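Trainee: Take a look at query_31.pdb, PDB, C-alpha atoms:
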```pdb
ATOM      1  CA  GLN A 280     138.249 127.869 156.852
ATOM      2  CA  GLY A 281     136.361 127.041 153.690
ATOM      3  CA  PRO A 282     136.174 123.703 151.862
ATOM      4  CA  ALA A 283     139.494 122.123 150.848
ATOM      5  CA  LEU A 284     141.094 118.785 150.005
ATOM      6  CA  ALA A 285     143.439 117.292 152.572
ATOM      7  CA  PHE A 286     145.532 114.261 153.426
ATOM      8  CA  TYR A 287     146.601 113.647 156.983
ATOM      9  CA  GLU A 288     147.579 110.903 159.401
ATOM     10  CA  THR A 289     146.826 110.966 163.110
ATOM     11  CA  GLU A 290     149.073 109.856 165.966
ATOM     12  CA  SER A 291     146.651 106.961 166.556
ATOM     13  CA  GLY A 292     147.372 105.614 163.056
ATOM     14  CA  GLU A 293     144.322 106.804 161.107
ATOM     15  CA  ALA A 294     144.770 108.241 157.616
ATOM     16  CA  TYR A 295     142.281 110.478 155.790
ATOM     17  CA  PHE A 296     142.145 111.787 152.252
ATOM     18  CA  GLY A 297     139.225 113.901 151.174
ATOM     19  CA  GLU A 298     137.289 117.059 151.683
ATOM     20  CA  ILE A 299     137.498 119.089 154.874
ATOM     21  CA  GLU A 300     135.726 122.198 156.069
ATOM     22  CA  ASN A 301     136.449 124.191 159.217
ATOM     23  CA  GLY A 302     139.125 121.638 160.151
ATOM     24  CA  LYS A 303     136.744 118.649 160.067
ATOM     25  CA  ARG A 304     136.087 115.872 157.565
ATOM     26  CA  ALA A 305     133.169 117.112 155.437
ATOM     27  CA  GLY A 306     131.934 116.005 152.024
ATOM     28  CA  PHE A 307     133.476 112.966 150.346
ATOM     29  CA  GLY A 308     136.546 111.155 151.655
ATOM     30  CA  THR A 309     138.371 107.977 152.583
ATOM     31  CA  LEU A 310     139.246 107.149 156.187
ATOM     32  CA  VAL A 311     141.586 104.231 156.926
ATOM     33  CA  HIS A 312     141.649 103.201 160.586
ATOM     34  CA  ALA A 313     144.791 102.039 162.393
ATOM     35  CA  ASN A 314     143.611  98.412 162.016
ATOM     36  CA  ASP A 315     143.300  98.991 158.214
ATOM     37  CA  ASP A 316     139.473  98.879 158.168
ATOM     38  CA  ALA A 317     138.344 101.596 155.738
ATOM     39  CA  TYR A 318     135.320 103.820 155.153
ATOM     40  CA  VAL A 319     134.758 105.549 151.809
ATOM     41  CA  GLY A 320     131.843 107.932 151.585
ATOM     42  CA  SER A 321     130.229 111.082 152.911
ATOM     43  CA  PHE A 322     131.235 112.904 156.077
ATOM     44  CA  VAL A 323     129.431 115.576 158.109
ATOM     45  CA  ASP A 324     131.079 117.339 161.078
ATOM     46  CA  GLY A 325     133.969 114.854 161.007
ATOM     47  CA  MET A 326     131.814 111.712 161.163
ATOM     48  CA  ALA A 327     130.601 109.217 158.567
ATOM     49  CA  SER A 328     127.168 110.497 157.563
ATOM     50  CA  GLY A 329     125.287 109.776 154.346
ATOM     51  CA  THR A 330     126.030 107.092 151.784
ATOM     52  CA  GLY A 331     129.164 105.059 152.408
ATOM     53  CA  HIS A 332     131.063 101.806 152.077
ATOM     54  CA  TYR A 333     132.843 100.239 155.065
ATOM     55  CA  GLU A 334     135.284  97.401 154.462
ATOM     56  CA  LYS A 335     137.039  95.355 157.132
ATOM     57  CA  THR A 336     140.434  93.740 156.747
ATOM     58  CA  ASP A 337     138.784  90.300 156.634
ATOM     59  CA  GLY A 338     137.079  91.344 153.380
ATOM     60  CA  SER A 339     133.579  91.785 154.825
ATOM     61  CA  MET A 340     131.857  95.001 153.866
ATOM     62  CA  MET A 341     128.738  97.061 154.364
ATOM     63  CA  ILE A 342     127.280  99.525 151.884
ATOM     64  CA  GLY A 343     124.537 101.803 153.122
ATOM     65  CA  ILE A 344     123.540 104.927 154.978
ATOM     66  CA  TYR A 345     125.532 106.191 157.954
ATOM     67  CA  LYS A 346     124.661 108.809 160.551
ATOM     68  CA  GLU A 347     127.019 110.279 163.134
ATOM     69  CA  GLY A 348     129.623 107.583 162.452
ATOM     70  CA  ALA A 349     127.362 104.520 162.628
ATOM     71  CA  PRO A 350     125.200 102.517 160.205
ATOM     72  CA  ASN A 351     121.678 103.911 160.049
ATOM     73  CA  GLY A 352     118.952 102.215 158.028
ATOM     74  CA  PRO A 353     119.013  99.647 155.239
ATOM     75  CA  ALA A 354     122.387  98.286 154.175
ATOM     76  CA  ALA A 355     123.839  95.690 151.847
ATOM     77  CA  LYS A 356     126.461  93.265 153.106
ATOM     78  CA  PRO A 357     127.933  91.759 149.944
ATOM     79  CA  LYS A 358     130.230  88.783 150.265
ATOM     80  CA  PRO A 359     133.913  89.390 149.551
ATOM     81  CA  ALA A 360     134.768  89.016 145.896
ATOM     82  CA  VAL A 361     136.765  85.985 144.872
ATOM     83  CA  LEU A 362     138.885  86.290 141.774
ATOM     84  CA  PHE A 363     139.856  83.167 139.858
ATOM     85  CA  LEU A 364     142.625  83.396 137.297
ATOM     86  CA  HIS A 365     142.887  80.730 134.635
ATOM     87  CA  ALA A 366     146.037  80.259 132.608
ATOM     88  CA  ALA A 367     145.535  80.409 128.851
ATOM     89  CA  ARG A 368     146.283  77.154 127.066
TER      90      ARG A 368
END
```
If you took the structure in this file and wrote it as structure tokens, what would it be?
Mentor:
Amino acid sequence: QGPALAFYETESGEAYFGEIENGKRAGFGTLVHANDDAYVGSFVDGMASGTGHYEKTDGSMMIGIYKEGAPNGPAAKPKPAVLFLHAAR
């Protein structure tokens, strides 16, 4: 199978939207785990590989390089954004 776009959910509760090739995640995509942690970035052979952004449900995140599904090399861990809304007077 050649490259294509896909959306699917697994029995374990993961959801994926992005590029696939030969039945595996490949290229750019978004993977949401069953616990709602999410990875947005590059995939190779079904695993996070290349530049990506991982965000946990507690708001913590890591932006960096991934290899074979794990962080690999320098990464930024920005603090969760806090949005303050002020009513107009």
Trainee: Taking the file as shown, what set of residues would the PyMOL selection byres ((chain A and resi 281) around 10) give back, as a PyMOL selection string?
Mentor: chain A and resi 280+282-283+299-302
Trainee: Give me the residues near segment 354-357 of chain A as an MDAnalysis selection string, where near means some atom within 7 Å (using only C-alpha atoms) and where sequence neighbours in that chain fewer than 4 positions away do not count.
Mentor: chainID A and resid 340:344
Trainee: Provide the atom CA of Thr330 of chain A to atom CA of Asp315 of chain A distance in Å, to one decimal place.
Mentor: 20.1 Å
Trainee: As an exercise, work out the distance from atom CA of Thr336 of chain A to atom CA of Asp316 of chain A in Å and give it to one decimal place.
Mentor: 5.4 Å
Trainee: What is the distance, in Å and to one decimal place, between atom CA of His332 of chain A and atom CA of Phe286 of chain A?
Mentor: 19.1 Å
Trainee: First collect every listed atom of segment 325-333 of chain A; then fit an axis-aligned box around them, widen it by 5 Å on each side, and give centre and edge lengths in Å to one decimal, as lines of an AutoDock Vina configuration file.
Mentor:
```
center_x = 129.6
center_y = 107.5
center_z = 156.5
size_x = 18.7
size_y = 24.6
size_z = 19.4
```
Trainee: Using all atoms listed in the file, which of the listed residues (A:Tyr345, A:Glu293, A:Asp324, A:Ser339) sits closest to Lys358 of chain A?
Mentor: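 Nearest to Lys358 of chain A: A:Ser339.
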Trainee: Could you list as number ranges by chain every residue that has an atom within 9 Å of (137.7, 106.3, 157.4), using the file's coordinates and counting only C-alpha atoms?
Mentor: A: 293-296, 308-312, 316-320, 326-327, 333
Trainee: Considering all atoms listed in the file, state which residue in the set A:Ser291, A:Gly338, A:Ser321, A:Ser328 is at the smallest distance from Gly306 of chain A.
Mentor: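 Under the stated criterion, the closest residue is A:Ser321.
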Trainee: Using all atoms listed in the file, which residue out of A:Gly331, A:Asn351, A:Lys346, A:Val323 lies closest to Arg304 of chain A?
Mentor: A:Val323
Trainee: Provide segment 346-360 of chain A rebuilt to N, CA, C and O atoms, formatted as a PDB file, keeping the file's coordinate frame.
Mentor:
```
ATOM      1  N   LYS A 346     125.026 107.575 159.863  1.00  0.00           N
ATOM      2  CA  LYS A 346     124.661 108.809 160.551  1.00  0.00           C
ATOM      3  C   LYS A 346     125.511 108.903 161.808  1.00  0.00           C
ATOM      4  O   LYS A 346     125.570 107.945 162.596  1.00  0.00           O
ATOM      5  N   GLU A 347     126.181 110.023 161.966  1.00  0.00           N
ATOM      6  CA  GLU A 347     127.019 110.279 163.134  1.00  0.00           C
ATOM      7  C   GLU A 347     128.002 109.139 163.397  1.00  0.00           C
ATOM      8  O   GLU A 347     128.200 108.711 164.526  1.00  0.00           O
ATOM      9  N   GLY A 348     128.574 108.592 162.326  1.00  0.00           N
ATOM     10  CA  GLY A 348     129.623 107.583 162.452  1.00  0.00           C
ATOM     11  C   GLY A 348     129.169 106.149 162.543  1.00  0.00           C
ATOM     12  O   GLY A 348     129.997 105.244 162.659  1.00  0.00           O
ATOM     13  N   ALA A 349     127.861 105.894 162.486  1.00  0.00           N
ATOM     14  CA  ALA A 349     127.362 104.520 162.628  1.00  0.00           C
ATOM     15  C   ALA A 349     126.354 104.199 161.525  1.00  0.00           C
ATOM     16  O   ALA A 349     125.700 105.091 160.991  1.00  0.00           O
ATOM     17  N   PRO A 350     126.215 102.900 161.190  1.00  0.00           N
ATOM     18  CA  PRO A 350     125.200 102.517 160.205  1.00  0.00           C
ATOM     19  C   PRO A 350     123.823 102.973 160.672  1.00  0.00           C
ATOM     20  O   PRO A 350     123.517 102.944 161.861  1.00  0.00           O
ATOM     21  N   ASN A 351     122.996 103.400 159.703  1.00  0.00           N
ATOM     22  CA  ASN A 351     121.678 103.911 160.049  1.00  0.00           C
ATOM     23  C   ASN A 351     120.717 103.598 158.911  1.00  0.00           C
ATOM     24  O   ASN A 351     120.728 104.267 157.898  1.00  0.00           O
ATOM     25  N   GLY A 352     119.915 102.557 159.073  1.00  0.00           N
ATOM     26  CA  GLY A 352     118.952 102.215 158.028  1.00  0.00           C
ATOM     27  C   GLY A 352     119.394 101.022 157.207  1.00  0.00           C
ATOM     28  O   GLY A 352     120.306 100.289 157.579  1.00  0.00           O
ATOM     29  N   PRO A 353     118.730 100.813 156.067  1.00  0.00           N
ATOM     30  CA  PRO A 353     119.013  99.647 155.239  1.00  0.00           C
ATOM     31  C   PRO A 353     120.459  99.640 154.752  1.00  0.00           C
ATOM     32  O   PRO A 353     121.041 100.687 154.490  1.00  0.00           O
ATOM     33  N   ALA A 354     121.011  98.421 154.652  1.00  0.00           N
ATOM     34  CA  ALA A 354     122.387  98.286 154.175  1.00  0.00           C
ATOM     35  C   ALA A 354     122.546  96.961 153.454  1.00  0.00           C
ATOM     36  O   ALA A 354     121.838  95.999 153.728  1.00  0.00           O
ATOM     37  N   ALA A 355     123.484  96.926 152.547  1.00  0.00           N
ATOM     38  CA  ALA A 355     123.839  95.690 151.847  1.00  0.00           C
ATOM     39  C   ALA A 355     125.147  95.183 152.427  1.00  0.00           C
ATOM     40  O   ALA A 355     126.049  95.960 152.723  1.00  0.00           O
ATOM     41  N   LYS A 356     125.227  93.882 152.618  1.00  0.00           N
ATOM     42  CA  LYS A 356     126.461  93.265 153.106  1.00  0.00           C
ATOM     43  C   LYS A 356     126.925  92.229 152.086  1.00  0.00           C
ATOM     44  O   LYS A 356     126.769  91.030 152.277  1.00  0.00           O
ATOM     45  N   PRO A 357     127.491  92.704 150.968  1.00  0.00           N
ATOM     46  CA  PRO A 357     127.933  91.759 149.944  1.00  0.00           C
ATOM     47  C   PRO A 357     129.068  90.886 150.448  1.00  0.00           C
ATOM     48  O   PRO A 357     129.837  91.288 151.314  1.00  0.00           O
ATOM     49  N   LYS A 358     129.142  89.685 149.899  1.00  0.00           N
ATOM     50  CA  LYS A 358     130.230  88.783 150.265  1.00  0.00           C
ATOM     51  C   LYS A 358     131.506  89.252 149.575  1.00  0.00           C
ATOM     52  O   LYS A 358     131.457  89.842 148.498  1.00  0.00           O
ATOM     53  N   PRO A 359     132.661  88.992 150.191  1.00  0.00           N
ATOM     54  CA  PRO A 359     133.913  89.390 149.551  1.00  0.00           C
ATOM     55  C   PRO A 359     134.043  88.757 148.169  1.00  0.00           C
ATOM     56  O   PRO A 359     133.651  87.619 147.952  1.00  0.00           O
ATOM     57  N   ALA A 360     134.583  89.511 147.259  1.00  0.00           N
ATOM     58  CA  ALA A 360     134.768  89.016 145.896  1.00  0.00           C
ATOM     59  C   ALA A 360     135.906  88.002 145.866  1.00  0.00           C
ATOM     60  O   ALA A 360     136.893  88.131 146.569  1.00  0.00           O
TER      61      ALA A 360
END
```
